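**Student:** my_file39.txt is reproduced below (compact mmCIF, C-alpha atoms).
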```txt
# COMPACT_ATOMS: atom_id res chain seq x y z
CA MET A 10 110.08 107.46 113.48
CA ALA A 11 112.06 110.63 112.97
CA THR A 12 110.73 113.93 114.17
CA SER A 13 110.32 116.42 111.38
CA SER A 14 108.78 119.79 110.93
CA VAL A 15 105.17 119.84 109.93
CA LEU A 16 104.77 120.49 106.27
CA THR A 17 108.32 119.83 105.26
CA GLY A 18 107.96 116.12 105.87
CA GLY A 19 105.01 115.66 103.55
CA ARG A 20 105.90 118.04 100.74
CA VAL A 21 106.51 116.96 97.17
CA GLY A 22 110.23 116.33 96.87
CA ALA A 23 110.67 115.30 100.49
CA SER A 24 112.10 111.84 101.14
CA LEU A 25 110.70 109.63 103.86
CA SER A 26 113.20 107.71 105.90
CA ASP A 27 110.80 104.80 106.24
CA ILE A 28 107.33 104.00 107.48
CA ARG A 29 107.14 101.08 109.86
CA LEU A 30 103.76 100.22 111.32
CA PRO A 31 101.82 97.12 112.37
CA ARG A 32 99.66 95.51 109.69
CA LEU A 33 96.00 94.85 110.38
CA ASP A 34 96.52 91.23 109.33
CA GLY A 35 99.55 90.81 111.60
CA GLY A 36 103.26 91.47 111.37
CA GLU A 37 105.07 94.69 110.69
CA PHE A 38 105.16 96.67 107.46
CA SER A 39 108.15 98.58 106.19
CA LEU A 40 108.04 100.84 103.17
CA ARG A 41 111.60 99.69 102.46
CA ASP A 42 110.35 96.18 101.73
CA LEU A 43 108.56 97.38 98.59
CA HIS A 44 111.86 97.70 96.69
CA GLY A 45 111.21 100.46 94.22
CA LYS A 46 107.53 99.86 93.53
CA ARG A 47 105.35 102.85 92.82
CA VAL A 48 103.29 103.39 95.93
CA LEU A 49 100.10 105.12 96.94
CA LEU A 50 99.95 105.82 100.65
CA PHE A 51 96.27 106.32 101.42
CA PHE A 52 95.60 107.79 104.87
CA TRP A 53 92.12 107.53 106.34
CA GLY A 54 90.19 107.12 109.56
CA SER A 55 86.95 105.36 110.42
CA TRP A 56 85.93 108.43 112.41
CA MET B 9 87.45 101.40 100.38
CA PRO B 10 85.55 99.17 97.90
CA GLY B 11 86.56 101.63 95.17
CA TRP B 12 90.21 101.32 96.16
CA GLN B 13 89.99 97.54 96.06
CA GLN B 14 88.66 97.74 92.51
CA PHE B 15 91.47 100.12 91.55
CA TYR B 16 94.01 97.82 93.16
CA GLU B 17 92.74 94.78 91.27
CA THR B 18 93.28 96.69 88.02
CA HIS B 19 96.81 97.86 88.79
CA LYS B 20 98.39 95.44 91.25
CA ASN B 21 100.53 93.86 88.53
CA ASP B 22 101.84 97.21 87.30
CA ASN B 23 104.74 97.43 89.79
CA PHE B 24 102.28 99.28 92.02
CA GLU B 25 101.37 98.92 95.68
CA LEU B 26 98.51 100.51 97.52
CA VAL B 27 99.11 100.90 101.23
CA SER B 28 96.21 101.98 103.38
CA ILE B 29 97.07 103.63 106.68
CA ALA B 30 94.25 103.92 109.20
CA MET B 31 94.64 106.64 111.81
CA GLU B 32 92.85 104.75 114.58
CA HIS B 33 93.56 105.93 118.11
CA THR B 34 91.44 103.18 119.60
CA GLY B 35 93.28 100.42 117.78
CA ALA B 36 92.92 98.05 114.87
CA GLU B 37 89.37 96.93 115.55
CA ALA B 38 87.97 100.29 114.50
CA ALA B 39 89.40 99.85 111.01
CA ARG B 40 88.73 96.16 110.51
CA PRO B 41 85.04 96.31 109.54
CA TYR B 42 85.79 98.70 106.66
CA VAL B 43 88.67 96.60 105.39
CA ASP B 44 86.73 93.35 105.68
CA LYS B 45 83.62 94.76 104.04
CA ALA B 46 85.66 95.94 101.05
CA GLY B 47 87.49 92.62 100.84
CA ALA B 48 90.66 94.68 100.65
CA SER B 49 93.66 92.63 99.54
CA PHE B 50 96.15 95.50 99.80
CA PRO B 51 97.85 96.00 103.17
CA THR B 52 96.22 98.18 105.83
CA LEU B 53 98.46 99.58 108.55
CA ILE B 54 97.27 100.82 111.90
CA ASP B 55 98.72 104.11 113.12
CA GLU B 56 97.50 104.30 116.71
CA HIS B 57 99.84 107.04 117.82
CA SER B 58 99.64 109.51 114.94
CA LEU B 59 103.21 108.75 113.87
CA THR B 60 102.56 109.37 110.19
CA SER B 61 100.61 112.58 110.73
CA MET B 62 103.57 113.90 112.70
CA LEU B 63 106.06 112.66 110.08
CA LEU B 64 104.21 114.17 107.12
CA GLY B 65 102.54 117.06 108.90
CA PHE B 66 98.93 116.50 107.96
CA LYS B 67 96.04 117.57 110.16
CA VAL B 68 93.13 115.90 108.38
CA VAL B 69 92.27 112.79 106.33
CA PRO B 70 91.72 111.37 103.71
CA ASN B 71 95.11 111.92 102.09
CA GLY B 72 96.98 110.47 99.12
CA VAL B 73 100.77 110.46 98.82
CA LEU B 74 102.53 109.04 95.76
CA LEU B 75 106.16 107.98 95.83
CA ASP B 76 108.58 105.40 94.58
CA SER B 77 109.23 103.31 97.65
CA GLU B 78 112.86 104.42 97.70
CA GLY B 79 112.40 107.90 96.33
CA PRO B 80 110.95 111.27 97.22
CA ILE B 81 107.27 112.18 97.33
CA ARG B 82 106.02 112.86 93.80
CA TYR B 83 102.48 113.97 94.54
CA ALA B 84 100.53 114.72 97.69
CA GLU B 85 96.99 115.70 98.48
CA TYR B 86 96.04 116.40 102.09
CA GLY B 87 92.31 116.41 102.69
CA GLY B 88 89.66 115.13 100.29
CA PHE B 89 91.76 112.59 98.39
CA SER B 90 89.27 110.08 96.97
CA VAL B 91 88.94 107.21 94.52
CA SER B 92 85.68 108.78 93.38
CA LYS B 93 87.43 112.01 92.30
CA ALA B 94 88.40 111.79 88.63
CA ALA B 95 91.36 114.17 89.00
CA ASP B 96 92.83 112.10 91.83
CA VAL B 97 92.50 108.84 89.92
CA ALA B 98 93.96 110.44 86.77
CA ALA B 99 97.03 111.68 88.65
CA LEU B 100 97.49 108.24 90.17
CA GLU B 101 97.17 106.48 86.81
CA ARG B 102 99.75 108.81 85.22
CA PHE B 103 102.09 108.04 88.10
CA ILE B 104 101.63 104.28 87.74
CA LYS B 105 102.46 104.57 84.02
CA GLY B 106 105.70 106.31 84.90
CA GLU B 107 104.50 109.72 83.81
CA ILE B 108 104.56 112.91 85.84
CA PRO B 109 101.45 112.81 88.02
CA GLY B 110 100.93 116.54 87.65
CA PRO B 111 100.82 119.38 90.13
CA SER B 112 99.61 118.48 93.59
CA PRO B 113 96.44 120.22 94.74
CA GLU B 114 96.88 123.12 97.09
CA SER B 115 96.71 121.82 100.62
CA ASP B 116 94.26 123.65 102.74
CA ILE B 117 96.62 123.96 105.66
CA PRO B 118 95.89 127.14 107.57
CA TYR B 119 99.23 127.62 109.26
CA GLU B 120 102.59 126.03 109.78
CA LEU B 121 103.94 125.52 113.27
CA GLY B 122 107.46 126.64 114.01
CA PRO B 123 109.94 123.87 114.79
CA ALA B 124 109.83 124.47 118.55
CA GLU B 125 106.03 124.45 118.64
CA GLN B 126 105.95 121.34 116.49
CA ASP B 127 108.34 119.60 118.86
CA LEU B 128 106.17 120.62 121.78
CA VAL B 129 103.01 119.25 120.12
CA GLU B 130 104.73 115.94 119.38
CA THR B 131 106.16 115.70 122.87
CA LYS B 132 102.74 116.27 124.43
CA LEU B 133 101.16 113.68 122.13
CA ARG B 134 103.81 111.14 123.05
CA LEU B 135 103.58 111.92 126.75
CA GLY B 136 99.80 111.49 126.48
CA HIS B 137 100.22 108.05 124.88
CA LEU B 138 102.64 107.05 127.60
CA LEU B 139 100.29 108.19 130.37
CA ASP B 140 97.38 106.46 128.63
CA SER B 141 99.32 103.21 128.40
CA LEU B 142 99.88 103.45 132.17
CA GLY B 143 96.15 103.76 132.73
CA ARG B 144 96.37 107.48 133.53
CA ARG B 145 93.82 108.54 130.97
CA ASP B 146 92.77 111.81 132.60
CA GLU B 147 96.34 113.06 132.56
CA ALA B 148 96.77 111.79 129.02
CA ILE B 149 93.77 113.80 127.87
CA GLN B 150 95.20 116.93 129.49
CA GLU B 151 98.40 116.50 127.45
CA TRP B 152 96.44 115.94 124.23
CA LYS B 153 94.33 119.01 124.95
CA ALA B 154 97.49 121.04 125.47
CA ALA B 155 98.74 119.78 122.08
CA LEU B 156 95.45 120.76 120.45
CA ARG B 157 95.65 124.27 121.90
CA LEU B 158 98.98 124.65 120.10
CA ASP B 159 97.65 123.08 116.90
CA PRO B 160 93.90 123.83 116.92
CA GLU B 161 93.19 122.80 113.31
CA ASN B 162 94.66 119.35 113.86
CA PHE B 163 91.69 117.02 113.56
CA ILE B 164 93.81 113.96 114.17
CA ILE B 165 94.43 115.22 117.70
CA ARG B 166 90.90 116.53 118.23
CA LYS B 167 89.29 113.22 117.27
CA GLN B 168 91.72 111.33 119.44
CA ILE B 169 90.54 113.37 122.42
CA TRP B 170 86.92 112.79 121.47
CA ALA B 171 87.46 109.05 121.14
CA ALA B 172 88.94 108.99 124.65
CA LEU B 173 86.31 111.21 126.26
CA TYR B 174 83.21 110.06 124.39
CA PRO B 175 83.76 106.45 123.29
CA GLU B 176 80.00 105.94 123.03
CA LYS B 177 79.96 108.39 120.10
CA PHE B 178 82.36 106.14 118.16
CA HIS B 179 81.24 102.64 119.03
CA PRO B 180 79.20 100.75 117.93
CA ALA B 181 78.36 103.52 115.45
CA ILE B 182 80.02 106.83 114.64
CA ASP B 183 77.77 109.78 115.39
CA PHE B 184 78.74 112.41 112.82
CA ASP B 185 75.91 114.75 113.81
CA TRP B 186 77.25 114.78 117.34
CA GLN B 187 80.73 115.59 115.98
CA LYS B 188 79.35 118.59 114.12
CA GLY B 189 77.72 120.01 117.22
CA GLN B 190 80.71 119.22 119.40
CA LEU B 191 83.09 120.94 116.99
CA GLU B 192 80.87 124.01 116.88
CA GLN B 193 80.81 124.15 120.67
CA GLU B 194 84.58 123.69 121.01
CA ARG B 195 85.19 126.37 118.36
CA GLN B 196 83.10 128.83 120.36
CA GLU B 197 85.15 128.00 123.43
CA GLU B 198 88.38 128.43 121.49
CA ILE B 199 87.25 131.79 120.14
CA ALA B 200 86.32 132.87 123.66
CA ALA B 201 89.74 131.75 124.88
CA GLY B 202 91.53 133.68 122.13
CA ILE B 203 92.97 130.53 120.53
CA CYS B 204 90.95 130.92 117.34
CA GLY B 205 89.28 133.75 115.49
CA PRO B 206 85.76 133.66 114.06
CA ASP B 207 87.17 132.69 110.63
CA GLY B 208 89.40 129.91 111.85
CA CYS B 209 92.44 129.27 113.90
CA PRO B 210 95.42 131.32 112.87
CA LEU B 211 98.04 130.80 115.48
CA PRO B 212 98.49 133.84 117.66
CA ARG B 213 102.21 133.94 116.89
CA LYS B 214 104.45 132.37 114.34
```
Rewrite the structure of this file - the entire thing - as C-alpha cells.
**Tutor:**
Amino acid sequence: MATSSVLTGGRVGASLSDIRLPRLDGGEFSLRDLHGKRVLLFFWGSW
Amino acid sequence: MPGWQQFYETHKNDNFELVSIAMEHTGAEAARPYVDKAGASFPTLIDEHSLTSMLLGFKVVPNGVLLDSEGPIRYAEYGGFSVSKAADVAALERFIKGEIPGPSPESDIPYELGPAEQDLVETKLRLGHLLDSLGRRDEAIQEWKAALRLDPENFIIRKQIWAALYPEKFHPAIDFDWQKGQLEQERQEEIAAGICGPDGCPLPRK
C-alpha cells in the first residue's frame, strides 16, 4: 500500500489507489473489484 | 454491527457495498465474535498492520468513508461515525441515492505530522511488525513506542502496544476501565516527558 501523508490520504476529494486486505471469511479483498459501486468503508476495532 | 447489518439488508441492492475494516493487531479472531453475533453478510477485512490508518491518516475509530469504488472520497468522518447517529445515516442515504452526501464533519485531529515525521512513524511501525513476526516482541514494542512518541494522539498505535504488553486486558474480555486508567497514567508520563501538554498533545514542532 502506498505511503501517503497523514490527512491528505483520507480527505474528501482524495483518490485511493486501492485497498487490498484479507477477508475474515477467507481470500483477499480489493476495492477495485467493486466496479463503480457506491461504497461505505467502515473502520472499527474490537478494542 | 447489528445496526449495520440491518442497514445493509435495506440497501444491498442499491448498487451499494458496505465494507467493514477491523483494525485488529492481534489478528482476525478478535473481530470474529462481533461479526458472527451480528450475522454480518457484508465483507469484513482484517487490517493487522494499520495499513489503512497510515493510508488515510486516521488516529482513532470508528470512521466512515464514502466513495465510488473507482472515484475520490466523497465524505469522511473520523471518530464517532455510527449507525445510531441520524446525521451519519442521512448522509449515507443521500450518497446511496446519488445525491451529495453533504459536508463532512470536522475531524477532531489535533495536529498533522510533516511528511518526514509521517514517514518515520510508518517506518517504525513496519519495523516493529517485522521484529514481532521474528519473535522479537520486546524490540518490536520499542519501535511502536518510538512511533507513538512522534504521534502521541494515535490510538491505533497506542492500543497496539497495549495489546502486545497486556494481552490479558483484551482477552477473553476487553477491560475498558483499565484502559481509562492506563491512558491517564501514560498521559501524565507524557506530560512529564514534555511530549504532551496538560490540554493534549500538540507536537513540539511542526
**Student:** Give the answer as one residue: which of B:Phe103, B:Tyr42, B:Tyr86, B:Tyr174 has the shortest atom-to-atom distance to Arg47 (chain A), using only C-alpha atoms?
**Tutor:** B:Phe103
**Student:** So that each row is one residue of chain B with an atom at most 6 Å from chain A, can you give its shortest atom pair and the distance in Å to one decimal, using all atoms listed in the file, rows by chain and rising number, as JSON lines?
**Tutor:**
```
{"residue": "B:Asn23", "atom": "CA", "partner": "A:Lys46", "partner_atom": "CA", "distance": 5.3}
{"residue": "B:Phe24", "atom": "CA", "partner": "A:Arg47", "partner_atom": "CA", "distance": 4.8}
{"residue": "B:Glu25", "atom": "CA", "partner": "A:Val48", "partner_atom": "CA", "distance": 4.9}
{"residue": "B:Leu26", "atom": "CA", "partner": "A:Leu49", "partner_atom": "CA", "distance": 4.9}
{"residue": "B:Val27", "atom": "CA", "partner": "A:Leu50", "partner_atom": "CA", "distance": 5.0}
{"residue": "B:Ser28", "atom": "CA", "partner": "A:Phe51", "partner_atom": "CA", "distance": 4.8}
{"residue": "B:Ile29", "atom": "CA", "partner": "A:Phe52", "partner_atom": "CA", "distance": 4.8}
{"residue": "B:Ala30", "atom": "CA", "partner": "A:Trp53", "partner_atom": "CA", "distance": 5.1}
{"residue": "B:Met31", "atom": "CA", "partner": "A:Gly54", "partner_atom": "CA", "distance": 5.0}
{"residue": "B:Thr52", "atom": "CA", "partner": "A:Leu33", "partner_atom": "CA", "distance": 5.6}
{"residue": "B:Leu53", "atom": "CA", "partner": "A:Arg32", "partner_atom": "CA", "distance": 4.4}
{"residue": "B:Ile54", "atom": "CA", "partner": "A:Pro31", "partner_atom": "CA", "distance": 5.9}
{"residue": "B:Leu63", "atom": "CA", "partner": "A:Gly18", "partner_atom": "CA", "distance": 5.8}
{"residue": "B:Leu64", "atom": "CA", "partner": "A:Gly19", "partner_atom": "CA", "distance": 4.0}
{"residue": "B:Gly65", "atom": "CA", "partner": "A:Val15", "partner_atom": "CA", "distance": 4.0}
{"residue": "B:Val69", "atom": "CA", "partner": "A:Trp53", "partner_atom": "CA", "distance": 5.3}
{"residue": "B:Pro70", "atom": "CA", "partner": "A:Trp53", "partner_atom": "CA", "distance": 4.7}
{"residue": "B:Asn71", "atom": "CA", "partner": "A:Phe52", "partner_atom": "CA", "distance": 5.0}
{"residue": "B:Gly72", "atom": "CA", "partner": "A:Phe51", "partner_atom": "CA", "distance": 4.8}
{"residue": "B:Val73", "atom": "CA", "partner": "A:Leu50", "partner_atom": "CA", "distance": 5.1}
{"residue": "B:Leu74", "atom": "CA", "partner": "A:Leu49", "partner_atom": "CA", "distance": 4.8}
{"residue": "B:Leu75", "atom": "CA", "partner": "A:Val48", "partner_atom": "CA", "distance": 5.4}
{"residue": "B:Asp76", "atom": "CA", "partner": "A:Arg47", "partner_atom": "CA", "distance": 4.5}
{"residue": "B:Ser77", "atom": "CA", "partner": "A:Gly45", "partner_atom": "CA", "distance": 4.9}
{"residue": "B:Glu78", "atom": "CA", "partner": "A:Gly45", "partner_atom": "CA", "distance": 5.5}
{"residue": "B:Pro80", "atom": "CA", "partner": "A:Ser24", "partner_atom": "CA", "distance": 4.1}
{"residue": "B:Ile81", "atom": "CA", "partner": "A:Val21", "partner_atom": "CA", "distance": 4.8}
{"residue": "B:Arg82", "atom": "CA", "partner": "A:Val21", "partner_atom": "CA", "distance": 5.3}
{"residue": "B:Tyr83", "atom": "CA", "partner": "A:Val21", "partner_atom": "CA", "distance": 5.7}
{"residue": "B:Pro123", "atom": "CA", "partner": "A:Ser14", "partner_atom": "CA", "distance": 5.7}
```
**Student:** So the first atom is CA of Leu158 (chain B) and the second is CA of Ala39 (chain B); what is the distance between them in Å, to one decimal place?
**Tutor:**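 CA of Leu158 (chain B) sits 28.1 Å away from CA of Ala39 (chain B).
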**Student:** Near region 13-15 of chain B, counting all atoms listed in the file, which residues have an atom at most 10 Å away, once you skip same-chain residues fewer than 2 positions from it, shown as a PyMOL selection string?
**Tutor:** chain B and resi 9-11+17-20+26+43+46-50+91+97+101
**Student:** Could you please determine the separation between CA of Ile203 (chain B) and CA of Asp159 (chain B) in Å, to one decimal place?
**Tutor:**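 Atom-to-atom, CA of Ile203 (chain B) and CA of Asp159 (chain B) are spaced 9.5 Å apart.
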**Student:** Rounded to one decimal place, report the CA of Gln187 (chain B)-CA of Lys45 (chain B) distance in Å.
**Tutor:** 24.2 Å
**Student:** Since fewer atoms than expected are present, regenerate N, CA, C and O atoms for region 40-51 of chain A and write them as a PDB file, in the frame of the given file.
**Tutor:**
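Output contents, as saved in selection21.pdb:
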```pdb
ATOM      1  N   LEU A  40     108.043 100.303 104.528  1.00  0.00           N
ATOM      2  CA  LEU A  40     108.040 100.840 103.170  1.00  0.00           C
ATOM      3  C   LEU A  40     109.245 100.345 102.384  1.00  0.00           C
ATOM      4  O   LEU A  40     109.181 100.117 101.176  1.00  0.00           O
ATOM      5  N   ARG A  41     110.352 100.138 103.090  1.00  0.00           N
ATOM      6  CA  ARG A  41     111.600  99.690 102.460  1.00  0.00           C
ATOM      7  C   ARG A  41     111.460  98.318 101.793  1.00  0.00           C
ATOM      8  O   ARG A  41     112.204  97.995 100.874  1.00  0.00           O
ATOM      9  N   ASP A  42     110.500  97.527 102.280  1.00  0.00           N
ATOM     10  CA  ASP A  42     110.350  96.180 101.730  1.00  0.00           C
ATOM     11  C   ASP A  42     109.713  96.187 100.343  1.00  0.00           C
ATOM     12  O   ASP A  42     109.617  95.139  99.698  1.00  0.00           O
ATOM     13  N   LEU A  43     109.251  97.334  99.882  1.00  0.00           N
ATOM     14  CA  LEU A  43     108.560  97.380  98.590  1.00  0.00           C
ATOM     15  C   LEU A  43     109.536  97.513  97.412  1.00  0.00           C
ATOM     16  O   LEU A  43     109.128  97.395  96.253  1.00  0.00           O
ATOM     17  N   HIS A  44     110.805  97.766  97.701  1.00  0.00           N
ATOM     18  CA  HIS A  44     111.860  97.700  96.690  1.00  0.00           C
ATOM     19  C   HIS A  44     111.530  98.395  95.384  1.00  0.00           C
ATOM     20  O   HIS A  44     111.449  97.767  94.326  1.00  0.00           O
ATOM     21  N   GLY A  45     111.314  99.680  95.453  1.00  0.00           N
ATOM     22  CA  GLY A  45     111.210 100.460  94.220  1.00  0.00           C
ATOM     23  C   GLY A  45     109.853 100.437  93.538  1.00  0.00           C
ATOM     24  O   GLY A  45     109.709 100.980  92.450  1.00  0.00           O
ATOM     25  N   LYS A  46     108.863  99.787  94.127  1.00  0.00           N
ATOM     26  CA  LYS A  46     107.530  99.860  93.530  1.00  0.00           C
ATOM     27  C   LYS A  46     106.996 101.279  93.596  1.00  0.00           C
ATOM     28  O   LYS A  46     107.379 102.068  94.461  1.00  0.00           O
ATOM     29  N   ARG A  47     106.075 101.591  92.703  1.00  0.00           N
ATOM     30  CA  ARG A  47     105.350 102.850  92.820  1.00  0.00           C
ATOM     31  C   ARG A  47     104.242 102.643  93.856  1.00  0.00           C
ATOM     32  O   ARG A  47     103.529 101.642  93.819  1.00  0.00           O
ATOM     33  N   VAL A  48     104.135 103.601  94.750  1.00  0.00           N
ATOM     34  CA  VAL A  48     103.290 103.390  95.930  1.00  0.00           C
ATOM     35  C   VAL A  48     102.302 104.527  96.100  1.00  0.00           C
ATOM     36  O   VAL A  48     102.650 105.701  95.951  1.00  0.00           O
ATOM     37  N   LEU A  49     101.068 104.157  96.404  1.00  0.00           N
ATOM     38  CA  LEU A  49     100.100 105.120  96.940  1.00  0.00           C
ATOM     39  C   LEU A  49      99.961 104.857  98.427  1.00  0.00           C
ATOM     40  O   LEU A  49      99.605 103.748  98.840  1.00  0.00           O
ATOM     41  N   LEU A  50     100.270 105.866  99.226  1.00  0.00           N
ATOM     42  CA  LEU A  50      99.950 105.820 100.650  1.00  0.00           C
ATOM     43  C   LEU A  50      98.602 106.519 100.804  1.00  0.00           C
ATOM     44  O   LEU A  50      98.473 107.701 100.483  1.00  0.00           O
ATOM     45  N   PHE A  51      97.625 105.768 101.266  1.00  0.00           N
ATOM     46  CA  PHE A  51      96.270 106.320 101.420  1.00  0.00           C
ATOM     47  C   PHE A  51      95.964 106.383 102.924  1.00  0.00           C
ATOM     48  O   PHE A  51      95.879 105.360 103.594  1.00  0.00           O
TER      49      PHE A  51
END
```
